[in-house]
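Engineer: What follows is data13.pdb, made up of PDB, C-alpha atoms and all ligand atoms:
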```pdb
ATOM      1  CA  MET J 281      56.240  15.481   8.733
ATOM      2  CA  SER J 282      57.758  18.688  10.072
ATOM      3  CA  TYR J 283      60.758  18.566  12.375
ATOM      4  CA  ARG J 284      60.215  18.523  16.131
ATOM      5  CA  GLY J 285      63.118  18.476  18.541
ATOM      6  CA  ARG J 286      63.276  18.656  22.304
ATOM      7  CA  PHE J 287      65.421  19.344  25.342
ATOM      8  CA  ALA J 288      64.539  17.059  28.256
ATOM      9  CA  PRO J 289      66.446  17.924  31.448
ATOM     10  CA  SER J 290      66.142  15.993  34.685
ATOM     11  CA  PRO J 291      65.637  18.453  37.542
ATOM     12  CA  THR J 292      68.536  17.218  39.636
ATOM     13  CA  GLY J 293      70.377  20.546  39.870
ATOM     14  CA  HIS J 294      70.817  23.900  38.153
ATOM     15  CA  LEU J 295      71.500  24.165  34.425
ATOM     16  CA  HIS J 296      75.080  22.954  33.928
ATOM     17  CA  PHE J 297      77.468  23.059  30.994
ATOM     18  CA  GLY J 298      76.619  19.570  29.682
ATOM     19  CA  SER J 299      72.906  20.306  29.661
ATOM     20  CA  LEU J 300      73.452  23.746  28.105
ATOM     21  CA  VAL J 301      75.305  22.014  25.238
ATOM     22  CA  ALA J 302      72.334  19.635  24.793
ATOM     23  CA  ALA J 303      69.902  22.562  24.902
ATOM     24  CA  VAL J 304      71.876  24.641  22.380
ATOM     25  CA  GLY J 305      72.572  21.639  20.110
ATOM     26  CA  SER J 306      68.937  20.548  20.008
ATOM     27  CA  TRP J 307      67.782  24.158  19.493
ATOM     28  CA  LEU J 308      70.187  24.629  16.545
ATOM     29  CA  CYS J 309      69.054  21.396  14.860
ATOM     30  CA  ALA J 310      65.390  22.309  15.275
ATOM     31  CA  ARG J 311      65.779  25.885  14.030
ATOM     32  CA  ARG J 312      68.043  24.841  11.123
ATOM     33  CA  ALA J 313      65.330  22.413  10.008
ATOM     34  CA  GLY J 314      62.696  25.152  10.342
ATOM     35  CA  GLY J 315      61.005  23.019  12.995
ATOM     36  CA  GLN J 316      59.786  23.279  16.556
ATOM     37  CA  TRP J 317      61.821  23.053  19.729
ATOM     38  CA  LEU J 318      60.009  21.634  22.762
ATOM     39  CA  LEU J 319      60.834  21.190  26.438
ATOM     40  CA  ARG J 320      60.184  18.295  28.762
ATOM     41  CA  VAL J 321      60.989  18.171  32.452
ATOM     42  CA  GLU J 322      61.886  14.590  33.359
ATOM     43  CA  ASP J 323      60.724  14.745  36.957
ATOM     44  CA  ILE J 324      59.880  11.095  37.572
ATOM     45  CA  ASP J 325      62.663  10.265  39.988
ATOM     46  CA  PRO J 326      61.887  12.242  43.169
ATOM     47  CA  PRO J 327      64.777  10.816  45.241
ATOM     48  CA  ARG J 328      67.280  12.274  42.751
ATOM     49  CA  GLU J 329      65.555  15.624  42.307
ATOM     50  CA  MET J 330      66.550  18.952  43.793
ATOM     51  CA  PRO J 331      63.705  21.212  44.929
ATOM     52  CA  GLY J 332      63.476  24.279  42.697
ATOM     53  CA  SER J 333      65.631  22.731  39.962
ATOM     54  CA  ALA J 334      62.910  22.505  37.277
ATOM     55  CA  GLU J 335      61.940  26.151  37.835
ATOM     56  CA  SER J 336      65.590  27.200  37.828
ATOM     57  CA  ILE J 337      66.368  25.401  34.544
ATOM     58  CA  LEU J 338      63.209  26.627  32.799
ATOM     59  CA  ALA J 339      63.782  30.189  33.994
ATOM     60  CA  ALA J 340      67.417  30.135  32.825
ATOM     61  CA  LEU J 341      66.834  29.073  29.197
ATOM     62  CA  PRO J 342      65.298  32.301  27.812
ATOM     63  CA  GLY J 343      68.290  34.225  29.180
ATOM     64  CA  PHE J 344      70.442  32.177  26.804
ATOM     65  CA  GLY J 345      68.109  33.053  23.912
ATOM     66  CA  LEU J 346      66.552  29.567  23.997
ATOM     67  CA  ILE J 347      62.803  30.024  23.660
ATOM     68  CA  ALA J 348      60.592  26.971  23.303
ATOM     69  CA  ASP J 349      57.557  26.758  21.054
ATOM     70  CA  ALA J 350      55.217  25.431  23.759
ATOM     71  CA  PRO J 351      55.012  25.253  27.544
ATOM     72  CA  ALA J 352      57.172  22.475  29.032
ATOM     73  CA  LEU J 353      55.691  19.004  29.475
ATOM     74  CA  PHE J 354      56.185  17.678  33.027
ATOM     75  CA  GLN J 355      56.602  13.912  33.311
ATOM     76  CA  SER J 356      55.249  14.004  36.869
ATOM     77  CA  LYS J 357      51.849  14.794  35.287
ATOM     78  CA  ARG J 358      51.991  11.968  32.789
ATOM     79  CA  SER J 359      51.498   8.882  34.953
ATOM     80  CA  ALA J 360      48.220   7.931  33.226
ATOM     81  CA  ALA J 361      50.061   7.646  29.905
ATOM     82  CA  TYR J 362      52.812   5.520  31.459
ATOM     83  CA  ASP J 363      50.206   3.307  33.182
ATOM     84  CA  GLN J 364      48.562   2.761  29.829
ATOM     85  CA  ALA J 365      51.841   1.817  28.124
ATOM     86  CA  PHE J 366      52.637  -0.520  31.019
ATOM     87  CA  GLU J 367      49.211  -2.202  30.793
ATOM     88  CA  GLN J 368      49.717  -2.629  27.060
ATOM     89  CA  LEU J 369      53.036  -4.428  27.659
ATOM     90  CA  LYS J 370      51.490  -6.502  30.429
ATOM     91  CA  ALA J 371      48.551  -7.553  28.270
ATOM     92  CA  ALA J 372      51.023  -8.686  25.599
ATOM     93  CA  ASN J 373      53.032 -10.694  28.198
ATOM     94  CA  GLN J 374      56.093  -8.587  27.515
ATOM     95  CA  VAL J 375      56.823  -7.782  31.165
ATOM     96  CA  PHE J 376      57.320  -9.829  34.317
ATOM     97  CA  PRO J 377      57.460  -8.952  38.008
ATOM     98  CA  CYS J 378      60.862  -9.279  39.628
ATOM     99  CA  TRP J 379      61.772  -9.478  43.304
ATOM    100  CA  CYS J 380      65.516  -9.890  42.763
ATOM    101  CA  SER J 381      67.575  -7.514  44.847
ATOM    102  CA  ARG J 382      70.556  -5.618  43.500
ATOM    103  CA  ASN J 383      72.699  -8.115  45.385
ATOM    104  CA  ASP J 384      70.984 -11.055  43.685
ATOM    105  CA  LEU J 385      71.894  -9.547  40.345
ATOM    106  CA  ALA J 386      75.413  -8.385  41.195
ATOM    107  CA  GLY J 387      78.107 -10.429  39.535
ATOM    108  CA  GLY J 388      76.483 -10.282  36.128
ATOM    109  CA  LEU J 389      73.729 -12.809  36.712
ATOM    110  CA  HIS J 390      71.396 -12.662  33.741
ATOM    111  CA  LEU J 391      67.681 -13.079  33.982
ATOM    112  CA  ASP J 392      66.135 -15.010  31.179
ATOM    113  CA  GLY J 393      62.590 -13.835  31.088
ATOM    114  CA  GLN J 394      61.885 -14.709  34.685
ATOM    115  CA  CYS J 395      62.668 -13.566  38.184
ATOM    116  CA  LEU J 396      65.142 -15.720  40.085
ATOM    117  CA  ALA J 397      63.956 -14.764  43.557
ATOM    118  CA  PRO J 398      60.846 -16.199  45.214
ATOM    119  CA  ALA J 399      57.740 -14.070  44.749
ATOM    120  CA  ALA J 400      57.094 -12.081  47.920
ATOM    121  CA  GLU J 401      53.443 -11.210  48.376
ATOM    122  CA  ASP J 402      54.285  -8.570  50.975
ATOM    123  CA  ARG J 403      56.715  -6.658  48.731
ATOM    124  CA  THR J 404      56.016  -4.813  45.492
ATOM    125  CA  PRO J 405      58.103  -6.123  42.635
ATOM    126  CA  ALA J 406      59.972  -4.215  39.974
ATOM    127  CA  TRP J 407      58.700  -4.930  36.468
ATOM    128  CA  ARG J 408      61.097  -5.936  33.737
ATOM    129  CA  LEU J 409      60.737  -6.162  30.000
ATOM    130  CA  HIS J 410      61.379  -9.524  28.340
ATOM    131  CA  VAL J 411      64.342  -8.880  26.065
ATOM    132  CA  PRO J 412      64.848 -11.481  23.344
ATOM    133  CA  ASP J 413      68.198 -12.304  21.782
ATOM    134  CA  LEU J 414      68.140  -9.377  19.416
ATOM    135  CA  ARG J 415      70.517  -6.938  17.786
ATOM    136  CA  ILE J 416      69.279  -3.386  17.448
ATOM    137  CA  SER J 417      70.957  -1.123  14.891
ATOM    138  CA  PHE J 418      70.419   2.526  14.101
ATOM    139  CA  ASP J 419      72.231   5.288  12.243
ATOM    140  CA  ASP J 420      73.159   8.115  14.571
ATOM    141  CA  ALA J 421      73.397  11.374  12.620
ATOM    142  CA  LEU J 422      76.736  12.179  14.275
ATOM    143  CA  GLN J 423      78.128   8.992  15.796
ATOM    144  CA  GLY J 424      77.367   6.816  12.748
ATOM    145  CA  ARG J 425      76.037   3.268  12.610
ATOM    146  CA  GLN J 426      75.413   1.720  16.046
ATOM    147  CA  THR J 427      74.626  -1.890  16.816
ATOM    148  CA  GLN J 428      73.897  -3.371  20.206
ATOM    149  CA  ASN J 429      73.044  -6.871  21.310
ATOM    150  CA  LEU J 430      70.191  -5.936  23.562
ATOM    151  CA  ARG J 431      70.083  -9.127  25.617
ATOM    152  CA  SER J 432      73.781  -9.182  26.493
ATOM    153  CA  THR J 433      74.060  -5.404  27.005
ATOM    154  CA  ALA J 434      70.831  -4.440  28.718
ATOM    155  CA  GLY J 435      69.197  -7.768  29.593
ATOM    156  CA  ASP J 436      65.618  -7.797  30.850
ATOM    157  CA  PHE J 437      65.690  -4.167  31.919
ATOM    158  CA  VAL J 438      63.447  -2.529  34.498
ATOM    159  CA  ILE J 439      60.587  -0.415  33.210
ATOM    160  CA  ARG J 440      58.819   0.082  36.553
ATOM    161  CA  ARG J 441      60.834   0.307  39.707
ATOM    162  CA  VAL J 442      60.126  -1.260  43.093
ATOM    163  CA  GLU J 443      59.118   2.175  44.438
ATOM    164  CA  GLY J 444      56.449   2.315  41.722
ATOM    165  CA  TYR J 445      58.226   4.968  39.618
ATOM    166  CA  TYR J 446      58.415   4.349  35.912
ATOM    167  CA  ALA J 447      61.909   4.042  34.502
ATOM    168  CA  TYR J 448      63.395   6.775  32.349
ATOM    169  CA  GLN J 449      63.415   4.452  29.291
ATOM    170  CA  LEU J 450      59.653   3.949  29.341
ATOM    171  CA  ALA J 451      58.708   7.540  30.126
ATOM    172  CA  CYS J 452      61.114   8.836  27.475
ATOM    173  CA  VAL J 453      59.675   6.772  24.603
ATOM    174  CA  VAL J 454      56.063   7.427  25.598
ATOM    175  CA  ASP J 455      56.720  11.174  25.700
ATOM    176  CA  ASP J 456      58.903  11.393  22.590
ATOM    177  CA  ALA J 457      55.936   9.866  20.744
ATOM    178  CA  PHE J 458      53.381  12.063  22.559
ATOM    179  CA  GLN J 459      55.332  15.221  21.716
ATOM    180  CA  GLY J 460      55.744  14.070  18.097
ATOM    181  CA  ILE J 461      59.545  14.258  18.283
ATOM    182  CA  THR J 462      61.164  13.535  14.916
ATOM    183  CA  GLN J 463      64.804  13.832  16.018
ATOM    184  CA  VAL J 464      66.286  13.339  19.480
ATOM    185  CA  VAL J 465      69.441  15.440  20.030
ATOM    186  CA  ARG J 466      71.117  14.769  23.374
ATOM    187  CA  GLY J 467      74.419  13.935  25.047
ATOM    188  CA  ASN J 468      76.410  10.892  24.107
ATOM    189  CA  ASP J 469      76.045   9.439  27.618
ATOM    190  CA  LEU J 470      72.594   8.306  26.426
ATOM    191  CA  LEU J 471      73.811   6.594  23.246
ATOM    192  CA  ASP J 472      73.705   3.158  24.873
ATOM    193  CA  SER J 473      70.127   3.737  26.096
ATOM    194  CA  THR J 474      68.917   4.265  22.545
ATOM    195  CA  PRO J 475      68.631   0.561  21.551
ATOM    196  CA  ARG J 476      66.477  -0.044  24.664
ATOM    197  CA  GLN J 477      64.292   2.874  23.628
ATOM    198  CA  ILE J 478      64.018   1.648  20.034
ATOM    199  CA  TYR J 479      63.009  -1.802  21.268
ATOM    200  CA  LEU J 480      60.386  -0.312  23.587
ATOM    201  CA  GLN J 481      59.025   1.756  20.675
ATOM    202  CA  GLN J 482      58.690  -1.467  18.684
ATOM    203  CA  CYS J 483      56.912  -3.222  21.575
ATOM    204  CA  LEU J 484      54.507  -0.321  22.016
ATOM    205  CA  GLY J 485      53.930   0.320  18.306
ATOM    206  CA  LEU J 486      55.438   3.821  18.546
ATOM    207  CA  PRO J 487      57.454   5.548  15.827
ATOM    208  CA  THR J 488      61.254   5.674  16.118
ATOM    209  CA  PRO J 489      62.653   9.191  15.749
ATOM    210  CA  ASP J 490      66.092   9.964  14.309
ATOM    211  CA  TYR J 491      68.929  10.289  16.810
ATOM    212  CA  LEU J 492      71.933  12.579  17.096
ATOM    213  CA  HIS J 493      74.205  12.184  20.112
ATOM    214  CA  LEU J 494      76.425  15.164  20.862
ATOM    215  CA  PRO J 495      79.926  14.655  22.258
ATOM    216  CA  LEU J 496      80.058  14.450  26.008
ATOM    217  CA  ALA J 497      81.819  17.349  27.754
ATOM    218  CA  LEU J 498      84.723  16.205  29.900
ATOM    219  CA  ASP J 499      86.439  18.054  32.708
ATOM    220  CA  ALA J 500      90.196  18.586  32.902
ATOM    221  CA  GLY J 501      90.587  15.153  34.499
ATOM    222  CA  GLY J 502      88.766  13.430  31.626
ATOM    223  CA  ARG J 503      85.604  12.806  33.652
ATOM    224  CA  LYS J 504      82.045  13.664  32.623
ATOM    225  CA  LEU J 505      81.272  17.213  33.746
ATOM    226  CA  SER J 506      78.918  16.741  36.599
ATOM    227  CA  LYS J 507      76.268  19.079  37.828
ATOM    228  CA  THR J 508      78.408  19.991  40.794
ATOM    229  CA  GLU J 509      81.414  20.816  38.602
ATOM    230  CA  GLN J 510      82.418  24.379  39.416
ATOM    231  CA  ALA J 511      85.038  24.757  36.671
ATOM    232  CA  HIS J 512      82.461  25.518  33.989
ATOM    233  CA  PRO J 513      79.782  27.543  35.702
ATOM    234  CA  VAL J 514      76.607  28.428  33.896
ATOM    235  CA  ASP J 515      75.402  31.729  35.280
ATOM    236  CA  PRO J 516      71.989  32.725  33.880
ATOM    237  CA  THR J 517      72.504  36.311  35.072
ATOM    238  CA  ASP J 518      75.642  36.525  32.893
ATOM    239  CA  PRO J 519      74.827  34.140  30.014
ATOM    240  CA  MET J 520      77.410  35.177  27.408
ATOM    241  CA  PRO J 521      80.506  33.326  28.702
ATOM    242  CA  ALA J 522      78.735  29.967  28.986
ATOM    243  CA  LEU J 523      76.850  30.458  25.706
ATOM    244  CA  ARG J 524      80.101  31.266  23.849
ATOM    245  CA  HIS J 525      81.691  28.258  25.453
ATOM    246  CA  ALA J 526      78.795  25.935  24.482
ATOM    247  CA  LEU J 527      78.776  27.189  20.869
ATOM    248  CA  GLY J 528      82.570  26.825  20.688
ATOM    249  CA  PHE J 529      82.209  23.278  21.991
ATOM    250  CA  LEU J 530      79.881  22.637  19.026
ATOM    251  CA  ASN J 531      82.472  24.071  16.570
ATOM    252  CA  LEU J 532      80.632  27.330  16.018
ATOM    253  CA  PRO J 533      82.196  30.809  15.823
ATOM    254  CA  THR J 534      81.380  33.324  18.555
ATOM    255  CA  PRO J 535      82.621  36.802  17.528
ATOM    256  CA  LEU J 536      83.366  39.000  20.521
ATOM    257  CA  ALA J 537      81.651  41.930  18.783
ATOM    258  CA  ILE J 538      78.283  40.203  19.412
ATOM    259  CA  ARG J 539      77.343  40.870  23.002
ATOM    260  CA  GLU J 540      73.820  39.492  23.409
ATOM    261  CA  PRO J 541      72.594  35.862  23.412
ATOM    262  CA  ALA J 542      69.850  36.128  20.769
ATOM    263  CA  PRO J 543      72.036  37.763  18.062
ATOM    264  CA  LEU J 544      74.888  35.362  18.873
ATOM    265  CA  LEU J 545      72.576  32.356  18.469
ATOM    266  CA  ALA J 546      71.234  33.814  15.211
ATOM    267  CA  TYR J 547      74.803  34.290  13.935
ATOM    268  CA  ALA J 548      75.720  30.713  14.887
ATOM    269  CA  LEU J 549      72.522  29.345  13.353
ATOM    270  CA  ASP J 550      73.349  30.996  10.010
ATOM    271  CA  ARG J 551      76.618  29.067   9.985
ATOM    272  CA  PHE J 552      75.315  25.832  11.460
ATOM    273  CA  THR J 553      75.028  22.558   9.686
ATOM    274  CA  PRO J 554      74.742  19.327  11.701
ATOM    275  CA  LYS J 555      77.522  17.687   9.686
ATOM    276  CA  ASN J 556      80.040  20.246  11.017
ATOM    277  CA  LEU J 557      79.364  19.262  14.610
ATOM    278  CA  PRO J 558      82.388  17.616  16.246
ATOM    279  CA  HIS J 559      82.453  13.971  15.172
ATOM    280  CA  CYS J 560      83.637  12.497  18.431
ATOM    281  CA  SER J 561      82.030  10.778  21.354
ATOM    282  CA  GLU J 562      83.566  13.038  23.997
ATOM    283  CA  ARG J 563      85.572  16.223  24.177
ATOM    284  CA  PRO J 564      87.324  18.198  26.905
ATOM    285  CA  ALA J 565      85.227  21.272  27.660
ATOM    286  CA  ASN J 566      88.200  23.514  28.460
ATOM    287  CA  LYS J 567      89.784  23.096  24.992
ATOM    288  CA  THR J 568      86.974  25.137  23.511
ATOM    289  CA  LEU J 569      87.248  28.059  25.927
TER     290      LEU J 569
HETATM  291  N1  LIG L   1      66.671  13.692  31.329
HETATM  292  C1  LIG L   1      67.914  13.237  30.759
HETATM  293  C2  LIG L   1      69.067  14.017  31.355
HETATM  294  O1  LIG L   1      68.878  15.097  31.875
HETATM  295  C3  LIG L   1      67.956  13.402  29.257
HETATM  296  C4  LIG L   1      67.021  12.493  28.595
HETATM  297  C5  LIG L   1      66.986  12.559  27.086
HETATM  298  O2  LIG L   1      67.400  13.567  26.485
HETATM  299  O3  LIG L   1      66.513  11.576  26.514
HETATM  300  O4  LIG L   1      70.179  13.523  31.311
END
```
Please render this file's structure as structure tokens.
Structural biologist:
Amino acid sequence: MSYRGRFAPSPTGHLHFGSLVAAVGSWLCARRAGGQWLLRVEDIDPPREMPGSAESILAALPGFGLIADAPALFQSKRSAAYDQAFEQLKAANQVFPCWCSRNDLAGGLHLDGQCLAPAAEDRTPAWRLHVPDLRISFDDALQGRQTQNLRSTAGDFVIRRVEGYYAYQLACVVDDAFQGITQVVRGNDLLDSTPRQIYLQQCLGLPTPDYLHLPLALDAGGRKLSKTEQAHPVDPTDPMPALRHALGFLNLPTPLAIREPAPLLAYALDRFTPKNLPHCSERPANKTL
């Protein structure tokens, strides 16, 4: 099967340094493998979204030399596929409705395959997946062997929220399969979601892609660079500084003599091999400036 990678931003703000690193890293892996690089806009959480963000991110990428092989897939248009996956889980008795509030569950109370609150006919429930006592292991191409006890770490996690929105975990596995993704390259903040996604793939009979989690970019104070972080601006009208910075973060050379994004990416790609990516879970962004 030929390689297919993807970049899957949530439209909660403009393109920021952390997401540029994920975009560049996934692009390099796809191009190195001679495969395709696809886009997916994860717009299934309207309360967290910023109007205009999806357009702004999609419009910015080509300026960095990052050209996808197909038009972006929008998760907001995929509800029929998520409904179908949900019905499949329901028919197999793998989900249960849950009326517990956040407060009910605060303090580490664990559900054990059933909701602890009384069913409320007048309120829509969240839907949770039954999670058995199970260890999930996988080999991350950069972070190495990972093992998670799914029950104690994630518990019976939500796959459809009270508001009716599908959870990221469900939408992500349905769409990785739909887009034929063979390797997921993304930030290390999602490493601990991966066992939940692998378990969902098993429940739904979907293939499990390979995974590579890139180090997380930290700000000077050691915190995850957030989308509001001004210290590492990503300016699509002046792409070279941020592109150099992102490539440097991924241990790639960025000669000053190269002044355009596409030739700089081509130069980096010639020298890129996934095993030379930084083998760490997080890394200060400013060290690579
Ligand atoms: N939409 C997620 C984000 O922007 C990334 C999801 C993924 O790559 O699986 O953080």
Engineer: I'd like to see the residues matched by the PyMOL selection byres (((chain J and resi 544) around 12) and not hetatm) on this file, and ideally I'd get them as a count of residues only.
Structural biologist: 33
Engineer: Taking the file above as input, evaluate the PyMOL selection byres (((chain J and resi 467) around 9) and not hetatm) and report the hits as a list in words.
Structural biologist: Gly298, Ser299, Val301, Ala302, Val465, Arg466, Asn468, Asp469, Leu470, Leu471, Leu492, His493, Leu494, Pro495, Leu496 and Ala497 of chain J
Engineer: I need the residues from that last selection saved to file as a compact mmCIF listing (two decimals), in the frame of the given file (with C-alpha atoms), if you can.
Structural biologist:
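Just written: again_37.txt:
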```txt
# COMPACT_ATOMS: atom_id res chain seq x y z
CA GLY J 298 76.62 19.57 29.68
CA SER J 299 72.91 20.31 29.66
CA VAL J 301 75.31 22.01 25.24
CA ALA J 302 72.33 19.64 24.79
CA VAL J 465 69.44 15.44 20.03
CA ARG J 466 71.12 14.77 23.37
CA ASN J 468 76.41 10.89 24.11
CA ASP J 469 76.04 9.44 27.62
CA LEU J 470 72.59 8.31 26.43
CA LEU J 471 73.81 6.59 23.25
CA LEU J 492 71.93 12.58 17.10
CA HIS J 493 74.20 12.18 20.11
CA LEU J 494 76.42 15.16 20.86
CA PRO J 495 79.93 14.66 22.26
CA LEU J 496 80.06 14.45 26.01
CA ALA J 497 81.82 17.35 27.75
```
Engineer: Can you check which parts of chain J lie within 6 Å of ligand LIG 1 (chain L)? Per residue, the shortest pair of atoms and distance in Å to one decimal, counting only C-alpha atoms and all ligand atoms, sorted by chain and number, as a tab-separated table.
Structural biologist:
```
residue	atom	partner	partner_atom	distance
J:Ala288	CA	L:LIG1	O2	4.8
J:Pro289	CA	L:LIG1	O1	3.8
J:Ser290	CA	L:LIG1	O1	4.0
J:Glu322	CA	L:LIG1	N1	5.3
J:Arg466	CA	L:LIG1	O2	5.0
```
Engineer: Taking the file above as input, evaluate the PyMOL selection byres (((chain J and resi 292) around 7) and not hetatm) and report the hits as a PyMOL selection string.
Structural biologist: chain J and resi 290-291+293+328-330+333
Engineer: Next, write the just-selected residues to a file, as a short mmCIF file (atom, residue, chain, number, x, y, z; two decimals), in the coordinates of the input, keeping C-alpha atoms as the atom set.
Structural biologist:
```cif
data_model
loop_
_atom_site.label_atom_id
_atom_site.label_comp_id
_atom_site.auth_asym_id
_atom_site.auth_seq_id
_atom_site.Cartn_x
_atom_site.Cartn_y
_atom_site.Cartn_z
CA SER J 290 66.14 15.99 34.68
CA PRO J 291 65.64 18.45 37.54
CA GLY J 293 70.38 20.55 39.87
CA ARG J 328 67.28 12.27 42.75
CA GLU J 329 65.56 15.62 42.31
CA MET J 330 66.55 18.95 43.79
CA SER J 333 65.63 22.73 39.96
#
```
Engineer: Between atom CA of J:Arg441 and atom CA of J:Thr404, what distance in Å does the model show, to one decimal?
Structural biologist: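 According to the coordinates, atom CA of J:Arg441 and atom CA of J:Thr404 are separated by 9.1 Å.
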Engineer: Given 8 Å on each side, where is the centre and what are the edge lengths in Å to one decimal of the axis-aligned box enclosing the listed atoms of stretch 426-436 of chain J, as JSON?
Structural biologist:
```
{"center_x": 70.5, "center_y": -3.7, "center_z": 23.4, "size_x": 25.8, "size_y": 26.9, "size_z": 30.8}
```
Engineer: Restricting the calculation to all atoms listed in the file: of J:Gly460, J:Lys504, J:Ala522, J:Gln426, which residue gets closest to J:Gly343?
Structural biologist: J:Ala522
Engineer: Measuring atom to atom with all atoms listed in the file, identify which of J:Leu300, J:Gln477, J:Ala447, J:Leu338 is nearest to J:Asp363.
Structural biologist: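 Among the listed residues, the smallest separation from J:Asp363 belongs to J:Ala447.
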Engineer: Of the candidates J:Ala365, J:Leu430, J:Val411, J:Val375, which shows the shortest atom-to-atom distance to J:Leu486, using only C-alpha atoms?
Structural biologist: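 Ranked by minimum distance to J:Leu486, first place goes to J:Ala365.
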Engineer: Of the candidates J:Leu295, J:Gln459, J:Gly305, J:Val464, which one gets nearest to J:Asn531 if we count all atoms listed in the file?
Structural biologist: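 Using all atoms listed in the file, the shortest distance to J:Asn531 belongs to J:Gly305.
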Engineer: Smallest atom-to-atom distance to J:Val453: which of J:Pro516, J:Gly315, J:Gly424, J:Gly485, using all atoms listed in the file?
Structural biologist: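 Going through J:Pro516, J:Gly315, J:Gly424, J:Gly485 one by one, the smallest distance to J:Val453 is for J:Gly485.
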Engineer: Find the spatial neighbours of J:Arg320, counting only C-alpha atoms, within a cut-off of 12 Å - ignore same-chain residues fewer than 4 positions away - and output them as a ChimeraX atom specification.
Structural biologist: /J:285-291,303,324,334,337-338,348-358,451-452,455-456,458-459,461
Engineer: With only C-alpha atoms as the atoms that count, which of J:Arg284, J:Pro405, J:Thr474, J:Thr553 lies nearest to J:Glu443?
Structural biologist: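 Answer, going by the shortest atom-to-atom distance: J:Pro405.
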Engineer: Which value, in Å to one decimal, gives the distance between atom CA of J:Gln368 and atom CA of J:Pro487?
Structural biologist: 15.9 Å
Engineer: Measure the distance from atom CA of J:Val438 to atom CA of J:Trp407 in Å and round it to one decimal.
Structural biologist: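 Between these atoms lies a distance of 5.7 Å.
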